[in-house]
file target_3.cif (mmCIF, C-alpha atoms)
data_upload
#
loop_
_atom_site.label_atom_id
_atom_site.label_comp_id
_atom_site.auth_asym_id
_atom_site.auth_seq_id
_atom_site.Cartn_x
_atom_site.Cartn_y
_atom_site.Cartn_z
CA MET O 1 -22.43 -65.89 26.43
CA PRO O 2 -18.74 -65.12 26.93
CA ARG O 3 -18.04 -67.12 23.79
CA LEU O 4 -20.59 -65.06 21.84
CA SER O 5 -18.93 -61.86 23.06
CA ARG O 6 -15.60 -63.11 21.80
CA VAL O 7 -17.15 -63.93 18.41
CA VAL O 8 -18.71 -60.46 18.14
CA ALA O 9 -15.43 -58.80 19.11
CA PHE O 10 -13.56 -60.83 16.52
CA SER O 11 -16.10 -59.97 13.86
CA LEU O 12 -15.82 -56.25 14.59
CA ALA O 13 -12.03 -56.42 14.51
CA SER O 14 -12.15 -58.30 11.22
CA LEU O 15 -14.46 -55.69 9.70
CA ALA O 16 -12.15 -52.90 10.82
CA THR O 17 -9.17 -54.67 9.25
CA ALA O 18 -11.08 -55.35 6.05
CA GLY O 19 -12.20 -51.72 5.89
CA ALA O 20 -8.63 -50.56 6.13
CA ALA O 21 -7.59 -52.96 3.40
CA LEU O 22 -10.36 -51.79 1.07
CA ALA O 23 -9.82 -48.02 1.65
CA ASP O 24 -8.69 -45.86 -1.28
CA PRO O 25 -4.90 -45.49 -1.54
CA PRO O 26 -3.55 -42.08 -0.49
CA ALA O 27 -3.81 -39.46 -3.20
CA PRO O 28 -0.55 -38.48 -4.92
CA PRO O 29 0.83 -35.11 -3.87
CA SER O 30 -0.47 -32.16 -5.87
CA PRO O 31 2.02 -30.87 -8.44
CA ALA O 32 3.79 -27.69 -7.44
CA ARG O 33 2.12 -24.59 -8.84
CA PRO O 34 4.19 -22.57 -11.31
CA LYS O 35 5.62 -19.32 -10.07
CA GLN O 36 3.61 -16.22 -10.92
CA VAL O 37 5.46 -14.28 -13.60
CA VAL O 38 5.27 -10.48 -13.78
CA ILE O 39 6.85 -8.72 -16.78
CA ILE O 40 7.53 -5.00 -16.33
CA SER O 41 8.79 -2.90 -19.22
CA PHE O 42 9.65 0.71 -20.08
CA ASP O 43 9.17 2.41 -23.47
CA SER O 44 11.63 4.90 -25.03
CA ALA O 45 13.97 4.74 -21.98
CA ARG O 46 15.10 8.36 -22.18
CA ASP O 47 15.60 10.21 -18.88
CA ILE O 48 18.80 9.38 -17.02
CA PRO O 49 17.26 9.79 -13.51
CA GLN O 50 14.58 7.24 -14.44
CA TRP O 51 17.21 4.79 -15.65
CA LYS O 52 18.83 5.06 -12.24
CA ARG O 53 15.55 4.89 -10.37
CA SER O 54 14.38 1.78 -12.23
CA ARG O 55 17.71 0.02 -11.71
CA ALA O 56 17.57 0.84 -8.00
CA LEU O 57 14.06 -0.64 -7.84
CA ALA O 58 15.34 -3.79 -9.50
CA GLN O 59 18.18 -4.07 -7.01
CA ARG O 60 15.75 -3.75 -4.09
CA THR O 61 13.30 -6.32 -5.40
CA GLY O 62 15.35 -8.74 -7.49
CA ALA O 63 13.39 -7.85 -10.62
CA HIS O 64 14.67 -7.81 -14.19
CA PHE O 65 13.06 -5.35 -16.59
CA THR O 66 12.78 -4.89 -20.36
CA TYR O 67 13.82 -1.47 -21.67
CA PHE O 68 12.40 -0.69 -25.13
CA LEU O 69 14.96 1.82 -26.41
CA SER O 70 14.27 4.51 -29.03
CA CYS O 71 17.53 4.88 -30.92
CA VAL O 72 17.11 8.62 -31.60
CA PHE O 73 18.13 9.16 -27.98
CA LEU O 74 21.58 7.91 -28.96
CA LEU O 75 21.98 10.83 -31.36
CA SER O 76 22.78 14.42 -30.37
CA PRO O 77 21.67 17.56 -32.24
CA GLU O 78 24.98 17.36 -34.13
CA THR O 79 24.56 13.72 -35.16
CA ARG O 80 20.80 13.53 -35.72
CA GLY O 81 21.35 13.35 -39.49
CA GLN O 82 22.53 9.76 -39.02
CA TYR O 83 18.87 8.71 -38.84
CA THR O 84 16.45 8.71 -41.76
CA ALA O 85 13.01 7.22 -41.16
CA PRO O 86 11.07 5.52 -43.96
CA GLY O 87 9.46 8.21 -46.12
CA LYS O 88 11.14 11.06 -44.18
CA THR O 89 14.14 13.30 -44.67
CA ALA O 90 17.24 12.85 -42.52
CA GLY O 91 17.16 14.05 -38.93
CA LYS O 92 13.39 13.83 -38.39
CA SER O 93 11.86 12.29 -35.27
CA ASN O 94 8.47 12.38 -33.51
CA ILE O 95 10.14 12.46 -30.10
CA GLY O 96 13.24 14.58 -30.72
CA PHE O 97 16.81 13.51 -30.04
CA ALA O 98 19.21 13.58 -27.12
CA ALA O 99 19.89 17.11 -25.87
CA SER O 100 23.66 16.80 -26.05
CA ARG O 101 26.65 14.55 -26.62
CA GLN O 102 27.03 14.23 -22.84
CA GLU O 103 23.46 13.04 -22.49
CA VAL O 104 24.16 10.35 -25.08
CA ALA O 105 27.25 9.29 -23.14
CA ASP O 106 25.27 9.12 -19.90
CA ARG O 107 22.54 7.05 -21.54
CA LEU O 108 25.03 4.64 -23.08
CA GLU O 109 26.52 4.16 -19.64
CA GLN O 110 23.08 3.34 -18.21
CA ILE O 111 22.35 0.88 -21.01
CA GLY O 112 25.63 -0.90 -20.34
CA LEU O 113 25.03 -1.04 -16.60
CA ALA O 114 21.48 -2.34 -17.06
CA ALA O 115 22.64 -5.03 -19.48
CA HIS O 116 25.42 -6.07 -17.08
CA GLU O 117 22.81 -6.37 -14.30
CA GLY O 118 20.77 -8.79 -16.39
CA HIS O 119 18.11 -6.49 -17.79
CA ASP O 120 16.72 -6.86 -21.30
CA ILE O 121 17.56 -4.13 -23.83
CA ALA O 122 14.99 -4.24 -26.63
CA SER O 123 13.94 -2.05 -29.55
CA HIS O 124 11.23 0.61 -29.71
CA ALA O 125 12.43 1.49 -33.22
CA CYS O 126 13.97 4.94 -33.66
CA GLY O 127 11.84 8.00 -34.36
CA HIS O 128 8.53 6.84 -32.83
CA PHE O 129 6.62 7.06 -36.10
CA ASP O 130 3.35 5.20 -36.64
CA GLY O 131 4.33 2.34 -38.95
CA LYS O 132 0.86 0.92 -39.59
CA ASP O 133 1.25 1.61 -43.31
CA TRP O 134 4.92 0.62 -43.58
CA THR O 135 5.91 -2.27 -45.80
CA LYS O 136 8.29 -5.05 -44.86
CA ALA O 137 11.06 -3.09 -46.60
CA ASP O 138 10.21 0.03 -44.59
CA TRP O 139 10.41 -1.88 -41.33
CA LEU O 140 13.69 -3.51 -42.33
CA LYS O 141 15.06 -0.03 -43.03
CA GLU O 142 13.97 1.12 -39.56
CA PHE O 143 15.44 -1.97 -37.91
CA GLY O 144 18.67 -1.42 -39.83
CA SER O 145 18.85 2.15 -38.54
CA PHE O 146 18.34 0.96 -34.98
CA GLU O 147 21.06 -1.66 -35.25
CA HIS O 148 23.54 0.69 -36.94
CA ILE O 149 23.03 3.52 -34.46
CA LEU O 150 23.19 1.28 -31.39
CA GLU O 151 26.30 -0.53 -32.59
CA ASN O 152 28.13 2.63 -33.63
CA ALA O 153 26.79 5.03 -30.99
CA TYR O 154 30.18 5.68 -29.40
CA ALA O 155 31.90 6.30 -32.73
CA ILE O 156 29.06 8.35 -34.23
CA ASN O 157 29.09 10.73 -31.27
CA GLY O 158 32.87 10.79 -30.75
CA ILE O 159 32.57 9.29 -27.26
CA ALA O 160 35.60 7.41 -25.95
CA PRO O 161 36.54 4.92 -24.84
CA GLU O 162 34.07 2.48 -26.34
CA PRO O 163 33.55 -0.37 -23.86
CA LYS O 164 35.04 -3.71 -24.79
CA GLY O 165 32.38 -5.97 -26.26
CA TRP O 166 29.93 -3.15 -26.98
CA ARG O 167 29.55 -3.95 -30.68
CA ASP O 168 29.01 -7.64 -30.03
CA PHE O 169 26.36 -6.73 -27.45
CA ALA O 170 24.65 -4.38 -29.91
CA ARG O 171 24.61 -7.00 -32.66
CA HIS O 172 23.32 -9.90 -30.59
CA ALA O 173 21.61 -8.85 -27.35
CA VAL O 174 18.56 -7.10 -28.76
CA VAL O 175 15.94 -9.74 -29.61
CA GLY O 176 12.65 -8.01 -28.79
CA PHE O 177 10.51 -5.17 -30.12
CA ARG O 178 7.52 -3.02 -29.22
CA ALA O 179 5.93 -0.85 -31.88
CA PRO O 180 5.43 2.87 -31.24
CA TYR O 181 1.75 3.51 -30.42
CA LEU O 182 1.38 -0.32 -30.30
CA SER O 183 0.66 0.08 -34.02
CA THR O 184 1.31 -3.13 -35.96
CA SER O 185 0.90 -4.31 -39.53
CA LYS O 186 1.43 -7.25 -41.83
CA GLY O 187 4.71 -5.66 -42.97
CA LEU O 188 5.97 -5.54 -39.38
CA TYR O 189 5.34 -9.21 -38.74
CA GLU O 190 7.03 -10.12 -42.01
CA ALA O 191 10.07 -8.02 -41.12
CA LEU O 192 10.58 -9.07 -37.49
CA PRO O 193 11.84 -12.63 -38.12
CA ALA O 194 13.83 -11.47 -41.15
CA ALA O 195 15.65 -9.01 -38.88
CA GLY O 196 16.38 -11.70 -36.27
CA TYR O 197 13.88 -10.72 -33.58
CA VAL O 198 12.25 -13.43 -31.46
CA PHE O 199 9.51 -11.55 -29.61
CA ASP O 200 7.12 -8.65 -30.11
CA ALA O 201 5.29 -6.92 -27.25
CA SER O 202 2.94 -4.70 -29.26
CA GLY O 203 -0.33 -6.51 -28.64
CA VAL O 204 -3.33 -5.71 -26.43
CA SER O 205 -5.57 -8.38 -24.92
CA LYS O 206 -8.73 -8.67 -22.83
CA GLY O 207 -7.01 -9.65 -19.63
CA PRO O 208 -3.72 -11.58 -19.25
CA VAL O 209 -3.15 -14.27 -21.90
CA GLN O 210 -0.45 -16.80 -22.70
CA ALA O 211 1.77 -15.46 -25.49
CA PRO O 212 1.48 -17.48 -28.72
CA THR O 213 4.35 -17.96 -31.15
CA VAL O 214 3.39 -17.12 -34.73
CA GLY O 215 5.85 -17.27 -37.61
CA GLY O 216 8.77 -17.62 -35.21
CA ILE O 217 7.79 -14.53 -33.18
CA THR O 218 6.39 -14.79 -29.66
CA ARG O 219 3.64 -12.19 -29.44
CA PHE O 220 3.05 -10.63 -26.03
CA SER O 221 0.07 -8.44 -25.21
CA LEU O 222 -0.50 -5.78 -22.58
CA PRO O 223 -3.72 -6.80 -20.84
CA GLN O 224 -6.76 -4.69 -20.19
CA ILE O 225 -7.39 -4.73 -16.45
CA PRO O 226 -10.30 -3.45 -14.30
CA GLU O 227 -9.59 -0.01 -12.81
CA GLY O 228 -11.34 2.64 -10.77
CA PRO O 229 -14.66 2.81 -8.91
CA LYS O 230 -16.56 1.26 -11.82
CA SER O 231 -13.85 -1.34 -12.63
CA ARG O 232 -13.77 -0.25 -16.26
CA PRO O 233 -11.04 -1.98 -18.31
CA VAL O 234 -7.91 -0.03 -19.22
CA ILE O 235 -4.66 -1.10 -20.85
CA ALA O 236 -2.12 -1.85 -18.11
CA MET O 237 0.23 0.96 -19.10
CA ASP O 238 0.93 4.27 -17.40
CA TYR O 239 0.00 6.45 -20.39
CA ASN O 240 -3.43 4.84 -20.70
CA LEU O 241 -4.01 5.37 -16.98
CA TYR O 242 -2.89 8.99 -17.38
CA VAL O 243 -5.52 9.53 -20.07
CA ARG O 244 -8.14 7.72 -17.99
CA HIS O 245 -7.41 9.71 -14.85
CA SER O 246 -6.83 13.22 -16.12
CA GLY O 247 -7.55 13.28 -19.84
CA GLY O 248 -3.83 13.41 -20.62
CA PHE O 249 -3.35 16.68 -18.70
CA GLU O 250 -1.28 17.12 -15.56
CA ARG O 251 -3.23 17.18 -12.28
CA PRO O 252 -0.44 16.98 -9.68
CA GLY O 253 -2.83 17.77 -6.84
CA LYS O 254 -4.49 14.38 -7.35
CA ALA O 255 -1.26 12.38 -7.70
CA GLY O 256 -1.87 10.50 -4.45
CA GLU O 257 -5.36 9.44 -5.53
CA PHE O 258 -4.15 8.37 -8.98
CA ALA O 259 -1.22 6.43 -7.50
CA ASP O 260 -3.54 4.54 -5.15
CA ARG O 261 -6.04 3.75 -7.91
CA THR O 262 -3.22 2.46 -10.10
CA TYR O 263 -1.74 0.34 -7.33
CA GLN O 264 -5.14 -1.14 -6.50
CA ALA O 265 -5.71 -2.03 -10.17
CA PHE O 266 -2.28 -3.63 -10.50
CA ARG O 267 -2.67 -5.55 -7.26
CA ALA O 268 -6.13 -6.83 -8.15
CA ALA O 269 -4.91 -8.00 -11.57
CA PHE O 270 -1.95 -9.70 -9.91
CA ASP O 271 -4.04 -11.37 -7.21
CA ALA O 272 -6.48 -12.74 -9.80
CA GLN O 273 -3.64 -14.61 -11.51
CA TYR O 274 -1.68 -15.43 -8.36
CA GLN O 275 -4.74 -17.12 -6.86
CA GLY O 276 -5.91 -18.48 -10.21
CA LYS O 277 -4.26 -19.75 -13.39
CA ARG O 278 -0.99 -17.87 -12.90
CA ILE O 279 -0.86 -16.48 -16.42
CA PRO O 280 2.00 -13.94 -16.72
CA LEU O 281 0.97 -10.36 -15.95
CA GLU O 282 2.47 -7.62 -18.13
CA LEU O 283 2.70 -3.97 -17.07
CA GLY O 284 4.04 -1.15 -19.24
CA PHE O 285 5.58 2.21 -18.32
CA HIS O 286 7.42 5.20 -19.72
CA PHE O 287 10.21 7.26 -18.19
CA THR O 288 7.90 10.30 -18.17
CA LEU O 289 6.61 11.18 -14.69
CA MET O 290 2.95 11.72 -15.57
CA ASN O 291 0.67 13.24 -12.93
CA ASP O 292 3.64 14.06 -10.72
CA GLY O 293 5.01 10.53 -10.86
CA ALA O 294 1.81 8.82 -9.68
CA TYR O 295 2.35 5.75 -11.85
CA TRP O 296 5.95 5.23 -10.77
CA THR O 297 4.85 5.58 -7.16
CA ALA O 298 2.31 2.81 -7.78
CA LEU O 299 4.92 0.70 -9.59
CA GLU O 300 7.41 0.93 -6.75
CA ARG O 301 4.77 0.02 -4.16
CA PHE O 302 3.52 -2.88 -6.28
CA ALA O 303 6.95 -4.29 -7.15
CA GLY O 304 8.12 -3.90 -3.58
CA GLU O 305 5.28 -6.14 -2.43
CA VAL O 306 5.05 -8.83 -5.12
CA CYS O 307 8.48 -9.21 -6.72
CA VAL O 308 9.99 -10.26 -3.40
CA LYS O 309 7.59 -13.19 -2.93
CA ALA O 310 9.22 -16.63 -3.08
CA ASP O 311 6.69 -17.90 -5.64
CA VAL O 312 6.76 -14.81 -7.87
CA GLU O 313 9.29 -13.91 -10.58
CA CYS O 314 9.51 -10.40 -11.98
CA ILE O 315 11.46 -11.12 -15.15
CA SER O 316 12.00 -9.62 -18.59
CA PHE O 317 10.39 -10.64 -21.85
CA ARG O 318 13.73 -12.05 -23.00
CA ASP O 319 14.08 -14.12 -19.83
CA TYR O 320 10.60 -15.54 -20.30
CA VAL O 321 11.22 -16.55 -23.92
CA GLU O 322 14.63 -18.01 -23.11
CA ARG O 323 13.24 -20.21 -20.35
CA ARG O 324 10.32 -21.38 -22.42
CA ASP O 325 12.50 -22.15 -25.43
CA GLY O 326 15.39 -23.64 -23.48
CA GLY O 327 17.76 -20.79 -24.30
CA LYS O 328 17.32 -20.98 -28.07
CA GLN O 329 16.84 -17.55 -29.59
CA GLY O 330 17.96 -15.45 -32.49
CA SER O 331 19.68 -12.09 -32.60
CA VAL O 332 19.14 -8.91 -34.51
CA GLY O 333 21.03 -8.92 -37.76
CA GLY O 334 21.75 -12.62 -37.55
#
call {"tool": "encode", "arguments": {"input": "target_3.cif", "output": "structure tokens"}}
result
Amino acid sequence: MPRLSRVVAFSLASLATAGAALADPPAPPSPARPKQVVIISFDSARDIPQWKRSRALAQRTGAHFTYFLSCVFLLSPETRGQYTAPGKTAGKSNIGFAASRQEVADRLEQIGLAAHEGHDIASHACGHFDGKDWTKADWLKEFGSFEHILENAYAINGIAPEPKGWRDFARHAVVGFRAPYLSTSKGLYEALPAAGYVFDASGVSKGPVQAPTVGGITRFSLPQIPEGPKSRPVIAMDYNLYVRHSGGFERPGKAGEFADRTYQAFRAAFDAQYQGKRIPLELGFHFTLMNDGAYWTALERFAGEVCVKADVECISFRDYVERRDGGKQGSVGG
């Protein structure tokens, strides 16, 4: 009997050893998830206080933004004749011009500071006209006006001294575009690569999507995101929220409610990607403080929470394209 016990014990030990030998090898470690990218941009980039406020937000959160500049804001009432839109007479603009030479000087200073801090200065064309019917030649004319006015802004307005390297910056730093009214056309997409642009951010999509590259142009799209009590989709841009919330009319008494609704929509759209496929999330803004600044209040709360996360990057369109393409990109006019 003792011998039998020893045999049984040996057999059990042998089975245990064999089981260990036949077990599946340990699984390889899961690949690291990509960081969640958030791309925040501003159209027209007019008001000086909002330049300062956005740059301060970036400094607090580590974010880099894209500023889509309308070049008419680099012309004063005295120099507005420098701009002629396709099919228009000189000095015409849908959004006016800078109020004074001093305002132009202040805006140029903000552009220079933002560029030095690593932000992306891009084009929103000049006079904010709807170019859906413009030809390639029309768009090239508009792009030429933008480049000329940006490069020569100090000289045109008699502002001195012109910063060293300004003209080189103006010729080469601007590589992206967003169409006024998000209105695109065949002529636009023919003109963009010819003018040296590498990305366009004029699209709209059903939810966040990966940006395709078509004809040498990376095409970004503002997503439609669920918003409000009924989770109805709305383009993730402050103006569209303004129309949704108050019909495009000011209702300052409800600013707190609108800010909270906007924040909740942004945060839900972010969380869906952060916990899911981690497709970049794009959010668009203007420098106008609609509904008593509700949308900027939501932006600052949102960015203050997500841009500081270790696995989140709030970067510009230019940064995103540069990283994806390994730093290879064109330049306007070249």
call {"tool": "residues_around", "arguments": {"input": "target_3.cif", "residues": "stretch 130-134 of chain O", "least_positions_apart": "4", "cutoff": "12 Å", "atoms": "all atoms listed in the file", "output": "MDAnalysis selection string"}}
result
chainID O and resid 85:87 93:95 124:126 138:143 178:191 202
call {"tool": "resolve_selection", "arguments": {"input": "target_3.cif", "expression": "the PyMOL selection byres ((chain O and resi 292-297) around 7)", "output": "list in words"}}
result
Asp238, Pro252, Ala255, Gly256, Phe258, Ala259, Thr262, Leu289, Met290, Asn291, Ala298, Leu299, Glu300 and Arg301 of chain O
call {"tool": "resolve_selection", "arguments": {"input": "target_3.cif", "expression": "the PyMOL selection byres ((chain O and resi 65-76) around 7)", "output": "mmCIF file with C-alpha atoms, keeping the file's coordinate frame"}}
result
data_model
loop_
_atom_site.group_PDB
_atom_site.id
_atom_site.type_symbol
_atom_site.label_atom_id
_atom_site.label_comp_id
_atom_site.auth_asym_id
_atom_site.auth_seq_id
_atom_site.Cartn_x
_atom_site.Cartn_y
_atom_site.Cartn_z
ATOM 1 C CA ILE O 40 7.530 -5.000 -16.330
ATOM 2 C CA SER O 41 8.790 -2.900 -19.220
ATOM 3 C CA PHE O 42 9.650 0.710 -20.080
ATOM 4 C CA ASP O 43 9.170 2.410 -23.470
ATOM 5 C CA SER O 44 11.630 4.900 -25.030
ATOM 6 C CA ALA O 45 13.970 4.740 -21.980
ATOM 7 C CA ARG O 46 15.100 8.360 -22.180
ATOM 8 C CA ALA O 63 13.390 -7.850 -10.620
ATOM 9 C CA HIS O 64 14.670 -7.810 -14.190
ATOM 10 C CA PRO O 77 21.670 17.560 -32.240
ATOM 11 C CA GLU O 78 24.980 17.360 -34.130
ATOM 12 C CA THR O 79 24.560 13.720 -35.160
ATOM 13 C CA ARG O 80 20.800 13.530 -35.720
ATOM 14 C CA PHE O 97 16.810 13.510 -30.040
ATOM 15 C CA ALA O 98 19.210 13.580 -27.120
ATOM 16 C CA ALA O 99 19.890 17.110 -25.870
ATOM 17 C CA SER O 100 23.660 16.800 -26.050
ATOM 18 C CA ARG O 101 26.650 14.550 -26.620
ATOM 19 C CA VAL O 104 24.160 10.350 -25.080
ATOM 20 C CA HIS O 119 18.110 -6.490 -17.790
ATOM 21 C CA ASP O 120 16.720 -6.860 -21.300
ATOM 22 C CA ILE O 121 17.560 -4.130 -23.830
ATOM 23 C CA ALA O 122 14.990 -4.240 -26.630
ATOM 24 C CA SER O 123 13.940 -2.050 -29.550
ATOM 25 C CA HIS O 124 11.230 0.610 -29.710
ATOM 26 C CA ALA O 125 12.430 1.490 -33.220
ATOM 27 C CA CYS O 126 13.970 4.940 -33.660
ATOM 28 C CA GLY O 127 11.840 8.000 -34.360
ATOM 29 C CA PHE O 146 18.340 0.960 -34.980
ATOM 30 C CA ILE O 149 23.030 3.520 -34.460
ATOM 31 C CA LEU O 150 23.190 1.280 -31.390
ATOM 32 C CA ALA O 153 26.790 5.030 -30.990
ATOM 33 C CA PHE O 177 10.510 -5.170 -30.120
ATOM 34 C CA ARG O 178 7.520 -3.020 -29.220
ATOM 35 C CA ILE O 315 11.460 -11.120 -15.150
ATOM 36 C CA SER O 316 12.000 -9.620 -18.590
ATOM 37 C CA PHE O 317 10.390 -10.640 -21.850
#
call {"tool": "resolve_selection", "arguments": {"input": "target_3.cif", "expression": "the PyMOL selection byres ((chain O and resi 204-207) around 9)", "output": "number ranges by chain"}}
result
O: 182, 201-203, 208-209, 220-226, 233, 235, 269, 281
call {"tool": "closest_residue", "arguments": {"input": "target_3.cif", "among": "O:Phe285, O:Trp166, O:Tyr320, O:Tyr83", "to": "O:Asn240", "atoms": "all atoms listed in the file"}}
result
O:Phe285
call {"tool": "closest_residue", "arguments": {"input": "target_3.cif", "among": "O:Ala268, O:Val321, O:Val308, O:Leu192", "to": "O:Ala58", "atoms": "all atoms listed in the file"}}
result
O:Val308
call {"tool": "atom_distance", "arguments": {"input": "target_3.cif", "atom1": "atom CA of O:Lys52", "atom2": "atom CA of O:Gly304"}}
result
16.4 Å
